[in-house]
Amino acid sequence: MSTLLDIQNVTVRFGGVTAVEDVSLRIGERELLGFIGPNGAGKTTLMRVITGMVRPQAGAVVFKGTDISTWPIHKRIRGGLALAQQIVQPLHAFTLLENVVLSAGGAKTGNPITALLSNARDDERAVALELLERTGIGAAADRYPGELPLGFLKRLEVSRALALKPDLLLLDEPLAGLNQAEAESLADLIAKLAAGGQAIMLIEHNIREVTRICPTLYVQDNGRALAHGPADEVMADPAVRRAYLGLEEAC
Ligand SMILES: Nc1ncnc2c1ncn2[C@@H]1O[C@H](COP(=O)(O)OP(=O)(O)OP(=O)(O)O)[C@@H](O)[C@H]1O
Ligand SMILES: [Mg+2]
């Protein structure tokens with residue numbers, strides 16, 4: 001498997017807190033990588049380093065063979081990176097369909113509002129609807145985010161990220177806040193996207209689902225890499241089990 005993303009010796013400090021310490025990690029093309037670790041392990045911070053939202057004190061991010069460490073966020077998005085955030089942030093004044101059109105158009109024009117007003121041609125709306133259908137919320141395309149439960153908004157967040165046609169899809173806790181049935185169904189969708197060739201980095205606390213769908217796991221604890229390898233081997237690692245007090249209950 002050839003390398004898609006190569007994180008090299010990244011360190012991030014916030015004042016006195018070292019959120020990420022000398023982390024190196026590779027993700028291959030078409031890989032579905034589960035990224036786990038206790039609260040405060042620096043998972044979101046590392047994902048933000050990838051998208052350019054956080055600049056590391058040390059290290060480099062190489063994407064598709066190019067060092068993108070100095071690239072601004074919008075350039076990284078156009079270059080093929082998309083993030084579905086931990087806290088969903090839909091545009092409440094717009095329908096689900098419009099939210100997806102805005103995401104796709106914003107990446108293309110650099111101005112999401114222009115994208116909606118002047119650029120939202122029928123074909124773009126059709127593509128957006130197809131994405132909503134793919135993520136299982138096509139029937140709610142004309143509804144507003146405020147009218148819908150969290151499960152829909154989590155899927156909308158994934159749809160918006162997919163609208164950017166990313167080479168690498170970054171998902172930060174897409175299953176958080178969902179009940180087990182909803183989580184299982186969204187995890188199935190993520191597995192299906194991966195089976196279709198979409199490379200995905202998936203941060204999750206839902207160990208049952210992440211181990212069910214991810215062949216490979218990377219574990220970070222207290223800012224440091226703890227384990228990386230086949231999911232069953234990683235989960236059997238005593239250091240990983242120690243990092244997760246109460247893991248037995250979670251499984
Ligand atoms: N913008 C920031 N300013 C200051 N400290 C921060 C900032 N972002 C994160 N931190 C700190 O960095 C550490 C890692 O946080 P991060 O959010 O990356 O962890 P996480 O693994 O995503 O945790 P969780 O599983 O709870 O989402 C924590 O100690 C956090 O308080
Ligand atoms: Mg986080």
# chains A, B, ... in the order shown; residues from 1 in each chain; ligands from 1
$ select_by_dssp --residues "region 112-218 of chain A" --states "strand (DSSP E or B)" --output "count of residues only"
13
$ residues_near_ligand --ligand "ligand 1" --cutoff "12 Å" --atoms "only C-alpha atoms and all ligand atoms" --output "ChimeraX atom specification"
/A:11-21,35-49,53-56,85-87,171-174,176,202-206,219-225,244
$ residues_around --residues "Pro215 (chain A)" --least-positions-apart "3" --cutoff "10 Å" --atoms "only C-alpha atoms" --output "mmCIF file with C-alpha atoms, in the first residue's frame"
data_model
loop_
_atom_site.group_PDB
_atom_site.id
_atom_site.type_symbol
_atom_site.label_atom_id
_atom_site.label_comp_id
_atom_site.auth_asym_id
_atom_site.auth_seq_id
_atom_site.Cartn_x
_atom_site.Cartn_y
_atom_site.Cartn_z
ATOM 1 C CA GLU A 31 -6.669 2.596 4.348
ATOM 2 C CA LEU A 32 -9.271 2.798 7.108
ATOM 3 C CA LEU A 33 -7.256 3.657 10.218
ATOM 4 C CA GLY A 34 -8.894 3.690 13.644
ATOM 5 C CA VAL A 210 -13.868 0.926 15.815
ATOM 6 C CA THR A 211 -12.470 -2.568 16.335
ATOM 7 C CA ARG A 212 -15.330 -4.042 14.290
ATOM 8 C CA GLY A 229 -0.795 -2.252 13.958
ATOM 9 C CA PRO A 230 -3.483 -4.854 13.241
ATOM 10 C CA ALA A 231 -6.545 -4.158 15.435
ATOM 11 C CA ASP A 232 -6.521 -7.506 17.272
#
$ closest_residue --among "A:Ile190, A:Val88, A:Leu226, A:Ile68" --to "Thr135 (chain A)" --atoms "only C-alpha atoms"
A:Ile190
$ residues_around --residues "Leu164 (chain A)" --least-positions-apart "4" --cutoff "10 Å" --atoms "only C-alpha atoms" --output "VMD selection string"
chain A and resid 77 to 83 100 to 101 103 to 108 159 to 160 169
$ write_last_selection --atoms "C-alpha atoms" --output "PDB file, in the first residue's frame"
ATOM      1  CA  ILE A  77      -8.844  21.147   1.547  1.00  0.00           C
ATOM      2  CA  ARG A  78      -8.451  21.771  -2.180  1.00  0.00           C
ATOM      3  CA  GLY A  79      -5.462  19.446  -2.084  1.00  0.00           C
ATOM      4  CA  GLY A  80      -7.652  16.574  -0.878  1.00  0.00           C
ATOM      5  CA  LEU A  81      -8.111  16.717   2.903  1.00  0.00           C
ATOM      6  CA  ALA A  82     -11.513  16.980   4.562  1.00  0.00           C
ATOM      7  CA  LEU A  83     -12.486  16.941   8.228  1.00  0.00           C
ATOM      8  CA  VAL A 100     -23.807  20.144   1.298  1.00  0.00           C
ATOM      9  CA  VAL A 101     -23.958  22.416  -1.781  1.00  0.00           C
ATOM     10  CA  SER A 103     -19.497  22.770   1.330  1.00  0.00           C
ATOM     11  CA  ALA A 104     -18.788  21.600  -2.217  1.00  0.00           C
ATOM     12  CA  GLY A 105     -19.051  25.084  -3.730  1.00  0.00           C
ATOM     13  CA  GLY A 106     -17.018  26.692  -0.974  1.00  0.00           C
ATOM     14  CA  ALA A 107     -14.102  24.399  -1.686  1.00  0.00           C
ATOM     15  CA  LYS A 108     -14.303  25.217  -5.382  1.00  0.00           C
ATOM     16  CA  SER A 159     -21.804  14.370   3.754  1.00  0.00           C
ATOM     17  CA  ARG A 160     -20.297  17.849   3.884  1.00  0.00           C
ATOM     18  CA  LEU A 169     -11.414  11.787   5.001  1.00  0.00           C
TER      19      LEU A 169
END
$ select_by_dssp --residues "region 1-224 of chain A" --states "helix (DSSP H, G or I)" --output "ChimeraX atom specification"
/A:43-51,73-79,96-109,112-119,122-134,138-140,145-147,150-162,180-195,207-213
$ write_last_selection --atoms "C-alpha atoms" --output "PDB file, in the first residue's frame"
ATOM      1  CA  LYS A  43      -6.140  12.951  18.984  1.00  0.00           C
ATOM      2  CA  THR A  44      -8.103  16.014  17.866  1.00  0.00           C
ATOM      3  CA  THR A  45      -4.942  18.111  18.045  1.00  0.00           C
ATOM      4  CA  LEU A  46      -3.099  15.749  15.695  1.00  0.00           C
ATOM      5  CA  MET A  47      -6.045  15.799  13.282  1.00  0.00           C
ATOM      6  CA  ARG A  48      -5.992  19.602  13.398  1.00  0.00           C
ATOM      7  CA  VAL A  49      -2.295  19.546  12.568  1.00  0.00           C
ATOM      8  CA  ILE A  50      -3.174  17.537   9.449  1.00  0.00           C
ATOM      9  CA  THR A  51      -5.801  20.089   8.336  1.00  0.00           C
ATOM     10  CA  ILE A  73      -6.285  25.254   5.574  1.00  0.00           C
ATOM     11  CA  HIS A  74      -8.142  26.070   2.311  1.00  0.00           C
ATOM     12  CA  LYS A  75      -5.205  24.906   0.217  1.00  0.00           C
ATOM     13  CA  ARG A  76      -5.092  21.614   2.113  1.00  0.00           C
ATOM     14  CA  ILE A  77      -8.844  21.147   1.547  1.00  0.00           C
ATOM     15  CA  ARG A  78      -8.451  21.771  -2.180  1.00  0.00           C
ATOM     16  CA  GLY A  79      -5.462  19.446  -2.084  1.00  0.00           C
ATOM     17  CA  LEU A  96     -29.311  19.900   4.690  1.00  0.00           C
ATOM     18  CA  LEU A  97     -29.109  19.976   0.883  1.00  0.00           C
ATOM     19  CA  GLU A  98     -27.915  23.588   0.905  1.00  0.00           C
ATOM     20  CA  ASN A  99     -25.366  22.753   3.596  1.00  0.00           C
ATOM     21  CA  VAL A 100     -23.807  20.144   1.298  1.00  0.00           C
ATOM     22  CA  VAL A 101     -23.958  22.416  -1.781  1.00  0.00           C
ATOM     23  CA  LEU A 102     -22.225  25.134   0.260  1.00  0.00           C
ATOM     24  CA  SER A 103     -19.497  22.770   1.330  1.00  0.00           C
ATOM     25  CA  ALA A 104     -18.788  21.600  -2.217  1.00  0.00           C
ATOM     26  CA  GLY A 105     -19.051  25.084  -3.730  1.00  0.00           C
ATOM     27  CA  GLY A 106     -17.018  26.692  -0.974  1.00  0.00           C
ATOM     28  CA  ALA A 107     -14.102  24.399  -1.686  1.00  0.00           C
ATOM     29  CA  LYS A 108     -14.303  25.217  -5.382  1.00  0.00           C
ATOM     30  CA  THR A 109     -14.830  28.979  -5.272  1.00  0.00           C
ATOM     31  CA  PRO A 112     -19.345  29.425   0.162  1.00  0.00           C
ATOM     32  CA  ILE A 113     -22.026  32.110  -0.089  1.00  0.00           C
ATOM     33  CA  THR A 114     -21.170  32.896  -3.723  1.00  0.00           C
ATOM     34  CA  ALA A 115     -21.274  29.170  -4.275  1.00  0.00           C
ATOM     35  CA  LEU A 116     -24.823  28.949  -3.015  1.00  0.00           C
ATOM     36  CA  LEU A 117     -26.194  32.061  -4.675  1.00  0.00           C
ATOM     37  CA  SER A 118     -24.662  31.947  -8.109  1.00  0.00           C
ATOM     38  CA  ASN A 119     -23.164  28.568  -8.541  1.00  0.00           C
ATOM     39  CA  ASP A 122     -29.113  21.784 -10.748  1.00  0.00           C
ATOM     40  CA  ASP A 123     -26.259  19.348 -11.262  1.00  0.00           C
ATOM     41  CA  GLU A 124     -24.593  20.483  -8.041  1.00  0.00           C
ATOM     42  CA  ARG A 125     -27.821  20.046  -6.153  1.00  0.00           C
ATOM     43  CA  ALA A 126     -28.146  16.590  -7.699  1.00  0.00           C
ATOM     44  CA  VAL A 127     -24.643  15.673  -6.527  1.00  0.00           C
ATOM     45  CA  ALA A 128     -25.449  16.992  -3.046  1.00  0.00           C
ATOM     46  CA  LEU A 129     -28.675  14.975  -2.937  1.00  0.00           C
ATOM     47  CA  GLU A 130     -26.810  11.870  -4.037  1.00  0.00           C
ATOM     48  CA  LEU A 131     -24.355  12.418  -1.162  1.00  0.00           C
ATOM     49  CA  LEU A 132     -27.178  12.812   1.342  1.00  0.00           C
ATOM     50  CA  GLU A 133     -28.709   9.619   0.002  1.00  0.00           C
ATOM     51  CA  ARG A 134     -25.373   7.844   0.283  1.00  0.00           C
ATOM     52  CA  GLY A 138     -31.686  11.960   1.557  1.00  0.00           C
ATOM     53  CA  ALA A 139     -35.285  12.007   2.803  1.00  0.00           C
ATOM     54  CA  ALA A 140     -34.415  14.977   5.050  1.00  0.00           C
ATOM     55  CA  PRO A 145     -30.568  21.178  10.970  1.00  0.00           C
ATOM     56  CA  GLY A 146     -32.412  22.579  14.001  1.00  0.00           C
ATOM     57  CA  GLU A 147     -35.374  20.286  13.310  1.00  0.00           C
ATOM     58  CA  LEU A 150     -28.003  14.422  16.332  1.00  0.00           C
ATOM     59  CA  GLY A 151     -27.825  11.229  14.224  1.00  0.00           C
ATOM     60  CA  PHE A 152     -28.852  13.208  11.130  1.00  0.00           C
ATOM     61  CA  LEU A 153     -26.385  15.995  11.891  1.00  0.00           C
ATOM     62  CA  LYS A 154     -23.522  13.522  12.289  1.00  0.00           C
ATOM     63  CA  ARG A 155     -24.368  12.122   8.856  1.00  0.00           C
ATOM     64  CA  LEU A 156     -24.669  15.648   7.469  1.00  0.00           C
ATOM     65  CA  GLU A 157     -21.180  16.400   8.762  1.00  0.00           C
ATOM     66  CA  VAL A 158     -19.885  13.315   6.906  1.00  0.00           C
ATOM     67  CA  SER A 159     -21.804  14.370   3.754  1.00  0.00           C
ATOM     68  CA  ARG A 160     -20.297  17.849   3.884  1.00  0.00           C
ATOM     69  CA  ALA A 161     -16.812  16.392   4.187  1.00  0.00           C
ATOM     70  CA  LEU A 162     -17.457  13.955   1.313  1.00  0.00           C
ATOM     71  CA  GLN A 180     -25.573   1.868  19.937  1.00  0.00           C
ATOM     72  CA  ALA A 181     -27.962   1.080  17.060  1.00  0.00           C
ATOM     73  CA  GLU A 182     -27.316   4.464  15.402  1.00  0.00           C
ATOM     74  CA  ALA A 183     -23.583   4.125  16.023  1.00  0.00           C
ATOM     75  CA  GLU A 184     -23.557   0.665  14.431  1.00  0.00           C
ATOM     76  CA  SER A 185     -25.411   1.914  11.391  1.00  0.00           C
ATOM     77  CA  LEU A 186     -23.095   4.931  10.897  1.00  0.00           C
ATOM     78  CA  ALA A 187     -20.054   2.683  11.429  1.00  0.00           C
ATOM     79  CA  ASP A 188     -21.434   0.414   8.676  1.00  0.00           C
ATOM     80  CA  LEU A 189     -21.612   3.445   6.385  1.00  0.00           C
ATOM     81  CA  ILE A 190     -17.982   4.387   7.192  1.00  0.00           C
ATOM     82  CA  ALA A 191     -16.896   0.799   6.459  1.00  0.00           C
ATOM     83  CA  LYS A 192     -18.790   0.939   3.155  1.00  0.00           C
ATOM     84  CA  LEU A 193     -17.080   4.192   2.149  1.00  0.00           C
ATOM     85  CA  ALA A 194     -13.730   2.579   2.952  1.00  0.00           C
ATOM     86  CA  ALA A 195     -14.635  -0.543   0.964  1.00  0.00           C
ATOM     87  CA  ILE A 207     -14.152   0.740  20.866  1.00  0.00           C
ATOM     88  CA  ARG A 208     -16.685  -1.893  19.884  1.00  0.00           C
ATOM     89  CA  GLU A 209     -17.414  -0.214  16.551  1.00  0.00           C
ATOM     90  CA  VAL A 210     -13.868   0.926  15.815  1.00  0.00           C
ATOM     91  CA  THR A 211     -12.470  -2.568  16.335  1.00  0.00           C
ATOM     92  CA  ARG A 212     -15.330  -4.042  14.290  1.00  0.00           C
ATOM     93  CA  ILE A 213     -14.690  -1.917  11.180  1.00  0.00           C
TER      94      ILE A 213
END
$ closest_residue --among "A:Ala84, A:Ala163, A:Ala58, A:Ala141" --to "ligand 2" --atoms "only C-alpha atoms and all ligand atoms"
A:Ala84
